[in-house]
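All remarks here apply to the structure that follows.
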Amino acid sequence: MTLGVLGGTFDPIHTGHVALAAAARAAFALETVLLVPSAVPPHRADPPQASSHHRFAMVALAAQLHPWLRASDLEVASAAPSFTATTLRRLGEDGYRPSQLFFITGADAFLEIATWREYPAVLDLAHFIVVSRPGSSLDAVPRALPDLAPRFRPASEGPGTDADRTPRILLLAAETPDVSSTAVRARLAAGLPVDDLLPEAVARHARRHHLYGHADRRPSGRPDRTAPSLHSHE
């Protein structure tokens, strides 16, 4: 079984995240893609605006869009900072070999891989699918990370055979929407439409619970202070 893993703060999850997962699934015939919201993103200077409870709820709503998407509470169930190496090891304990795991990330986030916890050992825990993003060319990735040259492989060549067992960094060019959670939050706070930026059910949830608009107040009238601050798991 092949399992894709897409982590992030998901504050909120948007159509760009879903498109990233869909591109990786199509390119590598992934049977399932886990959406893994982080509890405490260690690289974030500011806490997420929505609590981990609401962020997981929005991810669960987005996962209903496709039968191959699945929401995971692997990280939000823990109060500890969310590190990719820890998450991948937990999946390994569940019986997945590194050759069966495909960690999905945008090219912009992967350029910071050297700052991630347990680098470079984390790259031995799964294949990494690095997907182009608007404004982040795949060409820049090998140039910026020459020490990883032996691991890079175009997506068209695939990850190799299971017998090889060597995790690869797979470079995938894909068309994904130019949307960010920051821009979505700003539009929701201003009362502007977010059509085509959020799955409809996610937009409804965010508005119903006043997660990002009108001083980010909850229906009780008190600010949501339950949370600490496309993928910074490190």
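Residues in the structure tokens are numbered from 1 in each chain, the chains being A, B, ... in the order shown, and ligands are numbered from 1 in the order shown.
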
Contact table segment 34-127 of chain A vs segment 26-29 of chain A, cut-off 12 Å, shortest pair per residue, only C-alpha atoms, as CSV:
residue,atom,partner,partner_atom,distance
A:Trp68,CA,A:Ala29,CA,10.6
A:Gln100,CA,A:Phe28,CA,10.9
A:Leu101,CA,A:Phe28,CA,11.0
A:Phe102,CA,A:Phe28,CA,8.9
A:Phe103,CA,A:Phe28,CA,11.7
A:Ile104,CA,A:Phe28,CA,11.2
A:His127,CA,A:Phe28,CA,11.0

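When the distance limit is 12 Å and only C-alpha atoms are what count, the residues near Thr166 of chain A, minus those fewer than 3 positions from it on the same chain, are Arg97, Pro98, Ser99, Gln100, Leu101, Leu123, Asp124, Leu125, Ala126, His127, Phe128, Pro150, Arg151, Phe152, Arg153, Pro159, Gly160, Thr161, Asp162, Ala163, Ile169 and Leu170 of chain A.
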
- Message: Would you compute the distance between atom CA of Ile129 of chain A and atom CA of Ala24 of chain A? Give it in Å to one decimal.
- Response: 7.1 Å

Polymer residues at most 7 Å from Ala174 of chain A, only C-alpha atoms, same-chain spacing of 2 or more positions, as a JSON list (two decimals) with N, CA and C atoms, in the first residue's frame:
[["chain", "number", "residue", "atom", "x", "y", "z"],
["A", 23, "ALA", "N", -2.40, 16.23, -7.13],
["A", 23, "ALA", "CA", -1.30, 16.12, -8.10],
["A", 23, "ALA", "C", -0.36, 14.98, -7.72],
["A", 131, "VAL", "N", 6.57, 19.45, -4.95],
["A", 131, "VAL", "CA", 5.68, 19.92, -6.01],
["A", 131, "VAL", "C", 5.92, 21.40, -6.28],
["A", 132, "SER", "N", 6.00, 21.76, -7.56],
["A", 132, "SER", "CA", 6.16, 23.17, -7.92],
["A", 132, "SER", "C", 4.99, 23.97, -7.39],
["A", 172, "LEU", "N", 8.06, 17.11, -8.90],
["A", 172, "LEU", "CA", 6.80, 17.04, -9.63],
["A", 172, "LEU", "C", 6.34, 18.43, -10.06],
["A", 176, "THR", "N", -1.07, 24.18, -9.71],
["A", 176, "THR", "CA", -1.86, 24.29, -8.49],
["A", 176, "THR", "C", -2.28, 25.74, -8.29]]

- Message: Could you list, as an MDAnalysis selection string, every residue within 12 Å of Leu145 of chain A, counting only C-alpha atoms and ignoring same-chain residues fewer than 2 positions away?
- Response: chainID A and resid 107 110:114 120 138:143 147:152 169

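Atom CA of Gly92 of chain A lies 12.4 Å from atom CA of Val122 of chain A.
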
- Task: Per DSSP on the backbone, filter segment 14-145 of chain A down to the residues in strand (DSSP E or B) and report them as a ChimeraX atom specification.
- Result: /A:32-37,40,69-71,81,101-106,127-131,133,136

Writing out the chosen residues with C-alpha atoms as a short mmCIF file (atom, residue, chain, number, x, y, z; two decimals), in the first residue's frame:
data_model
loop_
_atom_site.label_atom_id
_atom_site.label_comp_id
_atom_site.auth_asym_id
_atom_site.auth_seq_id
_atom_site.Cartn_x
_atom_site.Cartn_y
_atom_site.Cartn_z
CA THR A 32 -4.56 7.26 0.22
CA VAL A 33 -3.35 10.73 1.15
CA LEU A 34 -3.37 11.64 4.83
CA LEU A 35 -4.03 15.27 5.71
CA VAL A 36 -2.14 15.86 8.97
CA PRO A 37 -2.78 19.19 10.70
CA VAL A 40 2.30 23.26 17.44
CA LEU A 69 -8.33 11.72 1.25
CA ARG A 70 -8.27 11.03 4.98
CA ALA A 71 -7.88 13.37 7.93
CA PRO A 81 5.64 20.39 18.66
CA LEU A 101 5.46 6.51 2.37
CA PHE A 102 5.35 9.65 0.21
CA PHE A 103 5.68 12.93 2.07
CA ILE A 104 4.19 15.77 0.01
CA THR A 105 5.51 19.32 0.21
CA GLY A 106 5.69 22.44 -1.90
CA HIS A 127 10.06 9.44 -0.37
CA PHE A 128 9.62 13.21 -0.56
CA ILE A 129 7.41 14.56 -3.35
CA VAL A 130 8.39 18.17 -4.01
CA VAL A 131 5.68 19.92 -6.01
CA ARG A 133 4.22 26.11 -6.56
CA SER A 136 8.59 28.55 -6.72
#

- Message: For a test of reading the model, state the distance in Å between atom CA of Leu20 of chain A and atom CA of Val59 of chain A, rounded to one decimal.
- Response: 14.1 Å

Shell of 12 Å around Glu200 of chain A, only C-alpha atoms, local chain residues under 6 positions omitted, as a short mmCIF file (atom, residue, chain, number, x, y, z; two decimals) with N, CA and C atoms, in the first residue's frame:
data_model
loop_
_atom_site.label_atom_id
_atom_site.label_comp_id
_atom_site.auth_asym_id
_atom_site.auth_seq_id
_atom_site.Cartn_x
_atom_site.Cartn_y
_atom_site.Cartn_z
N ILE A 13 -7.32 25.02 5.80
CA ILE A 13 -7.02 24.24 4.59
C ILE A 13 -7.74 24.88 3.41
N HIS A 14 -7.08 24.94 2.25
CA HIS A 14 -7.68 25.60 1.09
C HIS A 14 -7.51 24.75 -0.17
N THR A 15 -8.00 25.26 -1.29
CA THR A 15 -7.99 24.48 -2.52
C THR A 15 -6.58 24.20 -3.02
N MET A 58 -11.88 21.37 10.02
CA MET A 58 -11.89 21.84 8.64
C MET A 58 -11.18 20.85 7.71
N LEU A 61 -13.56 18.05 7.00
CA LEU A 61 -14.55 18.45 6.01
C LEU A 61 -13.96 18.41 4.60
N ALA A 62 -12.72 18.89 4.45
CA ALA A 62 -12.07 18.87 3.14
C ALA A 62 -11.82 17.44 2.67
N GLN A 64 -13.65 14.99 2.92
CA GLN A 64 -14.86 14.40 2.36
C GLN A 64 -15.01 14.66 0.86
N LEU A 65 -14.16 15.51 0.30
CA LEU A 65 -14.24 15.82 -1.12
C LEU A 65 -13.87 14.63 -2.00
N PRO A 193 -15.65 37.52 -0.47
CA PRO A 193 -15.92 36.14 -0.89
C PRO A 193 -14.65 35.32 -1.00
N VAL A 194 -14.77 34.02 -0.76
CA VAL A 194 -13.63 33.11 -0.87
C VAL A 194 -13.97 31.96 -1.82
N ALA A 206 -15.73 27.97 8.89
CA ALA A 206 -14.97 29.14 9.34
C ALA A 206 -15.88 30.31 9.66
N ARG A 207 -16.90 30.52 8.83
CA ARG A 207 -17.81 31.64 9.06
C ARG A 207 -18.74 31.36 10.25
#

- When DSSP works through the backbone of this structure, what residues of segment 23-230 of chain A end up as alpha helix (DSSP H), shown as a PyMOL selection string? chain A and resi 23-28+52-63+84-93+107-110+140-144+181-189+200-208

- Message: as an MDAnalysis selection string, please: the residues near His53 of chain A (cut-off 10 Å, only C-alpha atoms, same-chain neighbours under 2 positions excluded).
- Response: chainID A and resid 37 39 50:51 55:58 73 76:77 226:227

- Message: Taking only C-alpha atoms into account, name the residue in A:Pro177, A:Gly7, A:Gly213, A:Gly191 that is nearest to Leu74 of chain A.
- Response: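 Comparing A:Pro177, A:Gly7, A:Gly213, A:Gly191 against Leu74 of chain A, the winner is A:Gly7.
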